[in-house]
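For reference, model.cif is printed below; it contains mmCIF, C-alpha atoms, pLDDT in the B column; chains and numbers go by the auth columns.
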data_input
loop_
_atom_site.group_PDB
_atom_site.id
_atom_site.type_symbol
_atom_site.label_atom_id
_atom_site.label_comp_id
_atom_site.label_asym_id
_atom_site.label_seq_id
_atom_site.Cartn_x
_atom_site.Cartn_y
_atom_site.Cartn_z
_atom_site.B_iso_or_equiv
_atom_site.auth_seq_id
_atom_site.auth_asym_id
ATOM 1 C CA GLU A 1 -22.228 -184.336 113.704 49.00 1 C
ATOM 2 C CA THR A 2 -23.383 -186.690 110.952 62.00 2 C
ATOM 3 C CA GLY A 3 -26.678 -186.112 109.212 88.00 3 C
ATOM 4 C CA VAL A 4 -29.601 -188.439 108.698 93.00 4 C
ATOM 5 C CA THR A 5 -28.917 -191.164 106.149 94.00 5 C
ATOM 6 C CA GLN A 6 -31.264 -193.574 104.411 96.00 6 C
ATOM 7 C CA SER A 7 -30.843 -196.733 102.370 95.00 7 C
ATOM 8 C CA PRO A 8 -31.376 -197.752 99.721 96.00 8 C
ATOM 9 C CA THR A 9 -31.717 -194.683 97.514 95.00 9 C
ATOM 10 C CA HIS A 10 -34.053 -196.365 95.048 96.00 10 C
ATOM 11 C CA LEU A 11 -36.006 -199.589 95.147 96.00 11 C
ATOM 12 C CA ILE A 12 -38.302 -201.370 92.728 97.00 12 C
ATOM 13 C CA LYS A 13 -40.740 -204.004 93.992 97.00 13 C
ATOM 14 C CA THR A 14 -43.785 -205.784 92.648 97.00 14 C
ATOM 15 C CA ARG A 15 -47.271 -205.736 94.076 97.00 15 C
ATOM 16 C CA GLY A 16 -47.702 -208.094 97.053 97.00 16 C
ATOM 17 C CA GLN A 17 -44.036 -208.093 98.033 98.00 17 C
ATOM 18 C CA GLN A 18 -42.589 -206.845 101.289 98.00 18 C
ATOM 19 C CA VAL A 19 -39.959 -204.120 101.696 98.00 19 C
ATOM 20 C CA THR A 20 -37.689 -202.825 104.453 98.00 20 C
ATOM 21 C CA LEU A 21 -36.297 -199.304 104.374 98.00 21 C
ATOM 22 C CA ARG A 22 -33.534 -198.191 106.699 98.00 22 C
ATOM 23 C CA CYS A 23 -32.593 -194.949 108.388 97.00 23 C
ATOM 24 C CA SER A 24 -29.705 -193.833 110.531 95.00 24 C
ATOM 25 C CA SER A 25 -30.563 -190.897 112.772 92.00 25 C
ATOM 26 C CA GLN A 26 -28.256 -188.209 114.050 87.00 26 C
ATOM 27 C CA SER A 27 -26.359 -189.359 117.099 86.00 27 C
ATOM 28 C CA GLY A 28 -28.169 -188.489 120.309 88.00 28 C
ATOM 29 C CA HIS A 29 -31.558 -188.048 118.665 90.00 29 C
ATOM 30 C CA ASN A 30 -34.159 -190.029 120.573 90.00 30 C
ATOM 31 C CA THR A 31 -37.023 -189.566 118.152 92.00 31 C
ATOM 32 C CA VAL A 32 -37.432 -190.803 114.586 94.00 32 C
ATOM 33 C CA SER A 33 -40.423 -190.153 112.362 94.00 33 C
ATOM 34 C CA TRP A 34 -41.298 -191.657 108.994 96.00 34 C
ATOM 35 C CA TYR A 35 -43.178 -189.908 106.212 96.00 35 C
ATOM 36 C CA GLN A 36 -44.586 -190.838 102.818 97.00 36 C
ATOM 37 C CA GLN A 37 -44.299 -188.180 100.118 94.00 37 C
ATOM 38 C CA ALA A 38 -46.293 -188.841 96.975 93.00 38 C
ATOM 39 C CA LEU A 39 -45.289 -187.020 93.814 89.00 39 C
ATOM 40 C CA GLY A 40 -46.251 -183.362 93.983 86.00 40 C
ATOM 41 C CA GLN A 41 -47.514 -183.613 97.570 89.00 41 C
ATOM 42 C CA GLY A 42 -46.265 -182.756 101.031 91.00 42 C
ATOM 43 C CA PRO A 43 -44.957 -185.446 103.354 94.00 43 C
ATOM 44 C CA GLN A 44 -47.632 -187.444 105.192 95.00 44 C
ATOM 45 C CA PHE A 45 -46.862 -188.667 108.708 93.00 45 C
ATOM 46 C CA ILE A 46 -46.719 -192.470 108.997 96.00 46 C
ATOM 47 C CA PHE A 47 -45.520 -192.994 112.552 93.00 47 C
ATOM 48 C CA GLN A 48 -42.976 -191.931 115.125 93.00 48 C
ATOM 49 C CA TYR A 49 -40.716 -193.809 117.520 93.00 49 C
ATOM 50 C CA TYR A 50 -39.329 -192.438 120.750 92.00 50 C
ATOM 51 C CA ARG A 51 -36.713 -194.456 122.598 91.00 51 C
ATOM 52 C CA GLU A 52 -37.714 -197.617 120.720 92.00 52 C
ATOM 53 C CA GLU A 53 -41.443 -197.333 121.446 93.00 53 C
ATOM 54 C CA GLU A 54 -44.097 -196.243 118.948 92.00 54 C
ATOM 55 C CA ASN A 55 -45.165 -192.727 119.899 89.00 55 C
ATOM 56 C CA GLY A 56 -47.914 -191.878 117.470 88.00 56 C
ATOM 57 C CA ARG A 57 -49.272 -193.038 114.156 90.00 57 C
ATOM 58 C CA GLY A 58 -50.861 -191.357 111.187 90.00 58 C
ATOM 59 C CA ASN A 59 -53.629 -192.671 108.982 91.00 59 C
ATOM 60 C CA PHE A 60 -51.744 -195.662 107.581 95.00 60 C
ATOM 61 C CA PRO A 61 -52.793 -199.339 107.749 96.00 61 C
ATOM 62 C CA PRO A 62 -51.069 -201.890 110.005 96.00 62 C
ATOM 63 C CA ARG A 63 -49.096 -203.316 107.081 97.00 63 C
ATOM 64 C CA PHE A 64 -46.838 -200.290 107.653 98.00 64 C
ATOM 65 C CA SER A 65 -44.715 -201.091 110.685 96.00 65 C
ATOM 66 C CA GLY A 66 -41.467 -199.937 112.159 96.00 66 C
ATOM 67 C CA LEU A 67 -38.648 -200.521 114.567 96.00 67 C
ATOM 68 C CA GLN A 68 -36.163 -198.260 116.293 95.00 68 C
ATOM 69 C CA PHE A 69 -32.877 -199.606 117.652 93.00 69 C
ATOM 70 C CA PRO A 70 -30.620 -198.380 120.471 90.00 70 C
ATOM 71 C CA ASN A 71 -27.875 -197.407 118.000 87.00 71 C
ATOM 72 C CA TYR A 72 -30.069 -194.638 116.474 85.00 72 C
ATOM 73 C CA SER A 73 -31.018 -196.716 113.452 92.00 73 C
ATOM 74 C CA SER A 74 -34.572 -197.526 112.464 96.00 74 C
ATOM 75 C CA GLU A 75 -36.602 -199.445 109.890 97.00 75 C
ATOM 76 C CA LEU A 76 -39.842 -199.002 108.037 98.00 76 C
ATOM 77 C CA ASN A 77 -41.446 -202.247 106.880 98.00 77 C
ATOM 78 C CA VAL A 78 -44.276 -202.411 104.399 98.00 78 C
ATOM 79 C CA ASN A 79 -46.065 -205.715 103.741 97.00 79 C
ATOM 80 C CA ALA A 80 -48.329 -206.663 100.845 97.00 80 C
ATOM 81 C CA LEU A 81 -47.182 -203.767 98.685 98.00 81 C
ATOM 82 C CA GLU A 82 -49.796 -201.936 96.618 97.00 82 C
ATOM 83 C CA LEU A 83 -49.299 -199.738 93.563 97.00 83 C
ATOM 84 C CA ASP A 84 -50.276 -196.670 95.626 96.00 84 C
ATOM 85 C CA ASP A 85 -47.332 -197.287 97.943 97.00 85 C
ATOM 86 C CA SER A 86 -45.055 -195.897 95.233 97.00 86 C
ATOM 87 C CA ALA A 87 -43.608 -192.737 96.799 97.00 87 C
ATOM 88 C CA LEU A 88 -40.578 -191.121 98.389 95.00 88 C
ATOM 89 C CA TYR A 89 -40.175 -192.333 101.978 97.00 89 C
ATOM 90 C CA LEU A 90 -38.496 -189.913 104.330 96.00 90 C
ATOM 91 C CA CYS A 91 -37.211 -190.420 107.802 95.00 91 C
ATOM 92 C CA ALA A 92 -36.529 -187.555 110.149 94.00 92 C
ATOM 93 C CA SER A 93 -34.840 -187.471 113.527 93.00 93 C
ATOM 94 C CA SER A 94 -35.172 -184.988 116.351 90.00 94 C
ATOM 95 C CA LEU A 95 -33.462 -184.580 119.675 89.00 95 C
ATOM 96 C CA ASP A 96 -36.653 -185.138 121.590 85.00 96 C
ATOM 97 C CA ARG A 97 -40.422 -185.162 121.052 82.00 97 C
ATOM 98 C CA GLY A 98 -41.199 -181.637 122.159 82.00 98 C
ATOM 99 C CA VAL A 99 -43.288 -179.227 120.129 78.00 99 C
ATOM 100 C CA THR A 100 -40.266 -177.004 119.474 82.00 100 C
ATOM 101 C CA ASP A 101 -37.872 -179.755 118.395 85.00 101 C
ATOM 102 C CA THR A 102 -36.725 -179.490 114.800 87.00 102 C
ATOM 103 C CA GLN A 103 -36.913 -182.595 112.649 90.00 103 C
ATOM 104 C CA TYR A 104 -33.893 -183.262 110.425 91.00 104 C
ATOM 105 C CA PHE A 105 -34.665 -185.178 107.277 93.00 105 C
ATOM 106 C CA GLY A 106 -32.755 -187.767 105.334 93.00 106 C
ATOM 107 C CA PRO A 107 -32.600 -187.711 101.525 92.00 107 C
ATOM 108 C CA GLY A 108 -35.310 -190.350 101.206 94.00 108 C
ATOM 109 C CA THR A 109 -35.829 -193.716 99.554 96.00 109 C
ATOM 110 C CA ARG A 110 -37.723 -193.722 96.258 95.00 110 C
ATOM 111 C CA LEU A 111 -39.949 -196.827 96.184 97.00 111 C
ATOM 112 C CA THR A 112 -41.579 -197.922 92.939 97.00 112 C
ATOM 113 C CA VAL A 113 -44.192 -200.685 93.056 97.00 113 C
ATOM 114 C CA LEU A 114 -44.967 -202.357 89.737 97.00 114 C
ATOM 115 C CA GLY B 1 -57.353 -181.252 114.128 86.00 1 T
ATOM 116 C CA ASN B 2 -54.048 -180.061 112.735 89.00 2 T
ATOM 117 C CA SER B 3 -53.564 -178.951 109.141 93.00 3 T
ATOM 118 C CA VAL B 4 -51.584 -176.546 106.986 96.00 4 T
ATOM 119 C CA THR B 5 -52.779 -174.762 103.859 96.00 5 T
ATOM 120 C CA GLN B 6 -50.278 -173.224 101.450 94.00 6 T
ATOM 121 C CA MET B 7 -50.806 -171.065 98.418 85.00 7 T
ATOM 122 C CA GLU B 8 -50.726 -173.153 95.315 83.00 8 T
ATOM 123 C CA GLY B 9 -47.989 -172.800 92.768 84.00 9 T
ATOM 124 C CA PRO B 10 -46.130 -172.904 90.690 94.00 10 T
ATOM 125 C CA VAL B 11 -44.695 -169.447 91.260 96.00 11 T
ATOM 126 C CA THR B 12 -42.363 -167.920 88.676 97.00 12 T
ATOM 127 C CA LEU B 13 -40.436 -164.742 89.478 97.00 13 T
ATOM 128 C CA SER B 14 -37.666 -162.747 87.913 97.00 14 T
ATOM 129 C CA GLU B 15 -34.401 -162.430 89.785 97.00 15 T
ATOM 130 C CA GLU B 16 -34.472 -159.700 92.485 97.00 16 T
ATOM 131 C CA ALA B 17 -38.282 -159.783 92.715 97.00 17 T
ATOM 132 C CA PHE B 18 -40.104 -159.846 96.065 97.00 18 T
ATOM 133 C CA LEU B 19 -41.415 -163.227 97.200 97.00 19 T
ATOM 134 C CA THR B 20 -44.399 -164.058 99.375 97.00 20 T
ATOM 135 C CA ILE B 21 -45.687 -167.587 99.901 97.00 21 T
ATOM 136 C CA ASN B 22 -48.819 -167.710 102.016 97.00 22 T
ATOM 137 C CA CYS B 23 -49.331 -170.300 104.731 98.00 23 T
ATOM 138 C CA THR B 24 -52.208 -170.647 107.173 97.00 24 T
ATOM 139 C CA TYR B 25 -52.737 -173.313 109.764 97.00 25 T
ATOM 140 C CA THR B 26 -55.310 -174.976 111.977 96.00 26 T
ATOM 141 C CA ALA B 27 -54.132 -176.421 115.257 93.00 27 T
ATOM 142 C CA THR B 28 -55.108 -177.157 118.802 85.00 28 T
ATOM 143 C CA GLY B 29 -52.878 -175.848 121.533 84.00 29 T
ATOM 144 C CA TYR B 30 -49.625 -174.036 120.830 86.00 30 T
ATOM 145 C CA PRO B 31 -47.850 -175.408 117.772 92.00 31 T
ATOM 146 C CA SER B 32 -44.423 -174.521 116.447 93.00 32 T
ATOM 147 C CA LEU B 33 -44.236 -173.453 112.809 95.00 33 T
ATOM 148 C CA PHE B 34 -41.578 -174.281 110.237 95.00 34 T
ATOM 149 C CA TRP B 35 -40.592 -173.655 106.651 97.00 35 T
ATOM 150 C CA TYR B 36 -38.672 -176.404 104.894 96.00 36 T
ATOM 151 C CA VAL B 37 -37.125 -176.228 101.433 96.00 37 T
ATOM 152 C CA GLN B 38 -36.576 -179.083 98.991 92.00 38 T
ATOM 153 C CA TYR B 39 -34.089 -178.481 96.187 90.00 39 T
ATOM 154 C CA PRO B 40 -34.326 -180.678 93.096 84.00 40 T
ATOM 155 C CA GLY B 41 -33.179 -184.217 93.853 79.00 41 T
ATOM 156 C CA GLU B 42 -32.563 -183.497 97.525 82.00 42 T
ATOM 157 C CA GLY B 43 -34.292 -184.058 100.859 84.00 43 T
ATOM 158 C CA LEU B 44 -36.080 -181.508 103.009 91.00 44 T
ATOM 159 C CA GLN B 45 -33.931 -178.898 104.689 92.00 45 T
ATOM 160 C CA LEU B 46 -35.031 -176.652 107.519 94.00 46 T
ATOM 161 C CA LEU B 47 -35.204 -173.052 106.332 96.00 47 T
ATOM 162 C CA LEU B 48 -36.547 -171.328 109.451 96.00 48 T
ATOM 163 C CA LYS B 49 -38.835 -171.817 112.404 95.00 49 T
ATOM 164 C CA ALA B 50 -40.816 -169.958 115.076 96.00 50 T
ATOM 165 C CA THR B 51 -41.978 -171.510 118.289 93.00 51 T
ATOM 166 C CA LYS B 52 -44.401 -168.979 119.742 93.00 52 T
ATOM 167 C CA ALA B 53 -46.731 -166.190 118.698 94.00 53 T
ATOM 168 C CA ASP B 54 -45.074 -163.034 117.304 95.00 54 T
ATOM 169 C CA ASP B 55 -41.724 -164.801 116.884 96.00 55 T
ATOM 170 C CA LYS B 56 -39.953 -164.090 113.609 97.00 56 T
ATOM 171 C CA GLY B 57 -37.861 -166.817 112.040 97.00 57 T
ATOM 172 C CA SER B 58 -35.185 -165.803 109.545 97.00 58 T
ATOM 173 C CA ASN B 59 -32.454 -167.427 107.478 96.00 59 T
ATOM 174 C CA LYS B 60 -30.674 -166.718 104.159 95.00 60 T
ATOM 175 C CA GLY B 61 -32.736 -163.559 103.638 97.00 61 T
ATOM 176 C CA PHE B 62 -36.052 -165.371 104.171 98.00 62 T
ATOM 177 C CA GLU B 63 -38.391 -164.322 106.990 98.00 63 T
ATOM 178 C CA ALA B 64 -41.692 -165.491 108.444 98.00 64 T
ATOM 179 C CA THR B 65 -43.654 -164.206 111.447 98.00 65 T
ATOM 180 C CA TYR B 66 -45.883 -166.427 113.592 97.00 66 T
ATOM 181 C CA ARG B 67 -49.254 -164.630 113.653 96.00 67 T
ATOM 182 C CA LYS B 68 -51.626 -166.305 116.066 94.00 68 T
ATOM 183 C CA GLU B 69 -54.460 -163.845 115.446 94.00 69 T
ATOM 184 C CA THR B 70 -54.564 -164.692 111.730 96.00 70 T
ATOM 185 C CA THR B 71 -53.178 -168.268 112.132 96.00 71 T
ATOM 186 C CA SER B 72 -50.585 -167.495 109.491 97.00 72 T
ATOM 187 C CA PHE B 73 -46.869 -167.953 108.849 98.00 73 T
ATOM 188 C CA HIS B 74 -46.208 -166.352 105.465 98.00 74 T
ATOM 189 C CA LEU B 75 -42.737 -166.707 103.935 98.00 75 T
ATOM 190 C CA GLU B 76 -41.098 -163.588 102.462 98.00 76 T
ATOM 191 C CA LYS B 77 -37.858 -162.633 100.797 98.00 77 T
ATOM 192 C CA GLY B 78 -37.017 -159.198 99.526 96.00 78 T
ATOM 193 C CA SER B 79 -34.906 -160.169 96.518 96.00 79 T
ATOM 194 C CA VAL B 80 -34.922 -163.723 95.160 97.00 80 T
ATOM 195 C CA GLN B 81 -32.035 -165.356 93.317 97.00 81 T
ATOM 196 C CA VAL B 82 -31.951 -168.145 90.752 96.00 82 T
ATOM 197 C CA SER B 83 -30.507 -170.409 93.460 95.00 83 T
ATOM 198 C CA ASP B 84 -33.752 -170.019 95.466 97.00 84 T
ATOM 199 C CA SER B 85 -35.604 -172.138 92.915 96.00 85 T
ATOM 200 C CA ALA B 86 -37.021 -175.047 94.924 96.00 86 T
ATOM 201 C CA VAL B 87 -40.190 -176.367 96.528 95.00 87 T
ATOM 202 C CA TYR B 88 -41.125 -174.733 99.830 97.00 88 T
ATOM 203 C CA PHE B 89 -43.152 -176.514 102.512 97.00 89 T
ATOM 204 C CA CYS B 90 -44.880 -174.949 105.474 97.00 90 T
ATOM 205 C CA ALA B 91 -45.288 -177.264 108.473 95.00 91 T
ATOM 206 C CA LEU B 92 -46.499 -177.271 112.024 93.00 92 T
ATOM 207 C CA SER B 93 -45.415 -179.350 114.984 90.00 93 T
ATOM 208 C CA ASN B 94 -47.866 -180.078 117.722 85.00 94 T
ATOM 209 C CA THR B 95 -48.074 -182.353 120.727 77.00 95 T
ATOM 210 C CA GLY B 96 -45.573 -185.184 120.502 72.00 96 T
ATOM 211 C CA ASN B 97 -43.450 -183.489 117.812 76.00 97 T
ATOM 212 C CA GLN B 98 -45.686 -184.821 115.031 84.00 98 T
ATOM 213 C CA PHE B 99 -45.334 -182.704 111.918 90.00 99 T
ATOM 214 C CA TYR B 100 -48.089 -181.706 109.520 93.00 100 T
ATOM 215 C CA PHE B 101 -47.035 -180.381 106.112 95.00 101 T
ATOM 216 C CA GLY B 102 -48.677 -178.305 103.463 95.00 102 T
ATOM 217 C CA THR B 103 -48.689 -179.495 99.867 95.00 103 T
ATOM 218 C CA GLY B 104 -45.681 -177.400 98.893 95.00 104 T
ATOM 219 C CA THR B 105 -45.184 -174.395 96.623 96.00 105 T
ATOM 220 C CA SER B 106 -42.818 -174.678 93.686 95.00 106 T
ATOM 221 C CA LEU B 107 -40.753 -171.548 93.019 96.00 107 T
ATOM 222 C CA THR B 108 -38.821 -170.916 89.824 97.00 108 T
ATOM 223 C CA VAL B 109 -36.628 -167.827 89.585 97.00 109 T
ATOM 224 C CA ILE B 110 -35.565 -166.778 86.090 97.00 110 T
ATOM 225 C CA PRO B 111 -32.522 -164.597 85.357 94.00 111 T
#
Represent the structure from my file as structure tokens, please.
Amino acid sequence: ETGVTQSPTHLIKTRGQQVTLRCSSQSGHNTVSWYQQALGQGPQFIFQYYREEENGRGNFPPRFSGLQFPNYSSELNVNALELDDSALYLCASSLDRGVTDTQYFGPGTRLTVL
Amino acid sequence: GNSVTQMEGPVTLSEEAFLTINCTYTATGYPSLFWYVQYPGEGLQLLLKATKADDKGSNKGFEATYRKETTSFHLEKGSVQVSDSAVYFCALSNTGNQFYFGTGTSLTVIP
């Protein structure tokens, strides 16, 4: 069973640009969640996808959007980048969307906005 | 709403000392509770979990008991090692498998 992978590892963008981050979930996992982890903080929930449909969203503006594909890959898109978007972005996959389902995390993408 | 509060760090212990990291939560319904660990330069790894009241999760010598009456899920280990140095996150999962994390507690174990 392969783990959760993310690409790229690091990324540097300038304010106002757009960025796409990618995640490959564990095979068979129907749910993918994305988190933003600022330095020294815990991960903050951005949104979740279940079987290619958005299944919940945290307190993030619409310029954060996502997609989930049938092959267990997913994307996080951020438009009009701001300096405060600099953070570690984590994706996590789980078998299903039940309360007891464990989320398995990828290593993250470190985004720096200049 | 849902939230998790962890004891603030950093925590520094000598090898073989006893570890407790406090975690309390606020939630509606019947959440599951988790401890994740983040080693330097790595992603979050599941350490242990408990899915209902009075359950005890355990792994690698770490334990935590889901206490509904005190809304707590404190992490303990009887004898820490240098390799346990990491950041520990308490989290809860509620309806829809949406996770809420604490701010993390940094642990450094010195020989």
Exercise. Hey, what comes out of the PyMOL selection byres ((chain C) within 12 of (chain T)) on this file? Could you write it as a count of residues only?
Worked result: 54
For this session: Give me the residues within 8 Å of range 12-29 of chain T as a ChimeraX atom specification, counting all atoms listed in the file and dropping any in the same chain fewer than 6 places off.
Result: /T:1-6,70-82,90,92,94,105,107-111
Problem set entry | Point-to-point distance from CA of Phe64 in chain C to CA of His29 in chain C, Å rounded to tenths |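 CA of His29 in chain C lies at a distance of 22.5 Å from CA of Phe64 in chain C.
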Problem set entry | Reference answer for the PyMOL selection byres ((chain C and resi 111) around 7), as a VMD selection string | chain C and resid 10 to 12 86 to 88 109 to 110 112 to 113
Problem set entry | Explicit residues for the PyMOL selection byres ((chain C and resi 80) around 8) (as a list in words) |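 For this structure, the PyMOL selection byres ((chain C and resi 80) around 8) resolves to Arg15, Gly16, Gln17, Gln18, Arg63, Val78, Asn79, Leu81 and Glu82 of chain C.
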Resulting file, chosen residues, C-alpha atoms, as a PDB file, in the coordinates of the input:
ATOM      1  CA  ARG C  15     -47.271-205.736  94.076  1.00 97.00           C
ATOM      2  CA  GLY C  16     -47.702-208.094  97.053  1.00 97.00           C
ATOM      3  CA  GLN C  17     -44.036-208.093  98.033  1.00 98.00           C
ATOM      4  CA  GLN C  18     -42.589-206.845 101.289  1.00 98.00           C
ATOM      5  CA  ARG C  63     -49.096-203.316 107.081  1.00 97.00           C
ATOM      6  CA  VAL C  78     -44.276-202.411 104.399  1.00 98.00           C
ATOM      7  CA  ASN C  79     -46.065-205.715 103.741  1.00 97.00           C
ATOM      8  CA  LEU C  81     -47.182-203.767  98.685  1.00 98.00           C
ATOM      9  CA  GLU C  82     -49.796-201.936  96.618  1.00 97.00           C
TER      10      GLU C  82
END
For this session: Could you please determine the separation between CA of Thr14 in chain C and CA of Leu76 in chain C in Å, to one decimal place?
Result: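 Spanning CA of Thr14 in chain C to CA of Leu76 in chain C is a straight-line distance of 17.3 Å.
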Exercise. Taking (-28.8, -193.6, 112.2) in the file's coordinates, which residues come within 8 Å, counting only C-alpha atoms, written as an NGL selection string?
Worked result: :C and (4-5 or 23-27 or 71-74)
Problem set entry | Residue nearest Asp84 in chain C - candidates C:Asn59, C:Leu114, C:Gly66, C:Gly28, atoms counted: all atoms listed in the file |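 Once distances to Asp84 in chain C are computed over all atoms listed in the file, the minimum belongs to C:Leu114.
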Put a box with edges along x, y and z around all the listed atoms of range 96-100 of chain T, pad it by 5 Å on each side, then give me its centre and sizes in Å, one decimal, as AutoDock Vina command-line options.
--center_x -45.8 --center_y -183.4 --center_z 115.0 --size_x 14.6 --size_y 13.5 --size_z 21.0
For this session: For Ala53 in chain T, please output as number ranges by chain all residues within 7 Å (counting only C-alpha atoms; exclusion window: fewer than 2 positions along the same chain).
Result: T: 55, 66-68
Keeping only C-alpha atoms, write the selected residues to a file as a PDB file, in the frame of the given file.
ATOM      1  CA  ASP T  55     -41.724-164.801 116.884  1.00 96.00           C
ATOM      2  CA  TYR T  66     -45.883-166.427 113.592  1.00 97.00           C
ATOM      3  CA  ARG T  67     -49.254-164.630 113.653  1.00 96.00           C
ATOM      4  CA  LYS T  68     -51.626-166.305 116.066  1.00 94.00           C
TER       5      LYS T  68
END
For this session: Go ahead and compute the interatomic distance for CA of Leu21 in chain C and CA of Ser7 in chain C, in Å to one decimal.
Result: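 These atoms are spaced 6.4 Å apart.
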With N, CA and C atoms as the target, complete range 101-114 of chain C and hand it back as a compact mmCIF listing (two decimals), keeping the file's coordinate frame.
# COMPACT_ATOMS: atom_id res chain seq x y z
N ASP C 101 -39.03 -179.03 118.94
CA ASP C 101 -37.87 -179.76 118.40
C ASP C 101 -37.92 -179.82 116.87
N THR C 102 -36.83 -179.43 116.26
CA THR C 102 -36.72 -179.49 114.80
C THR C 102 -36.51 -180.92 114.35
N GLN C 103 -37.17 -181.29 113.26
CA GLN C 103 -36.91 -182.60 112.65
C GLN C 103 -35.93 -182.42 111.51
N TYR C 104 -34.93 -183.29 111.46
CA TYR C 104 -33.89 -183.26 110.42
C TYR C 104 -34.12 -184.46 109.51
N PHE C 105 -34.24 -184.16 108.23
CA PHE C 105 -34.66 -185.18 107.28
C PHE C 105 -33.50 -185.81 106.54
N GLY C 106 -33.66 -187.09 106.24
CA GLY C 106 -32.76 -187.77 105.33
C GLY C 106 -33.14 -187.49 103.89
N PRO C 107 -32.34 -187.98 102.94
CA PRO C 107 -32.60 -187.71 101.52
C PRO C 107 -33.75 -188.53 100.95
N GLY C 108 -34.17 -189.58 101.66
CA GLY C 108 -35.31 -190.35 101.21
C GLY C 108 -34.94 -191.60 100.44
N THR C 109 -35.90 -192.52 100.39
CA THR C 109 -35.83 -193.72 99.55
C THR C 109 -36.99 -193.67 98.58
N ARG C 110 -36.68 -193.73 97.30
CA ARG C 110 -37.72 -193.72 96.26
C ARG C 110 -38.15 -195.15 96.01
N LEU C 111 -39.40 -195.49 96.37
CA LEU C 111 -39.95 -196.83 96.18
C LEU C 111 -40.90 -196.82 94.99
N THR C 112 -40.68 -197.74 94.07
CA THR C 112 -41.58 -197.92 92.94
C THR C 112 -42.17 -199.32 93.03
N VAL C 113 -43.49 -199.40 93.01
CA VAL C 113 -44.19 -200.68 93.06
C VAL C 113 -44.83 -200.93 91.69
N LEU C 114 -44.45 -202.04 91.08
CA LEU C 114 -44.97 -202.36 89.74
C LEU C 114 -46.04 -203.45 89.80
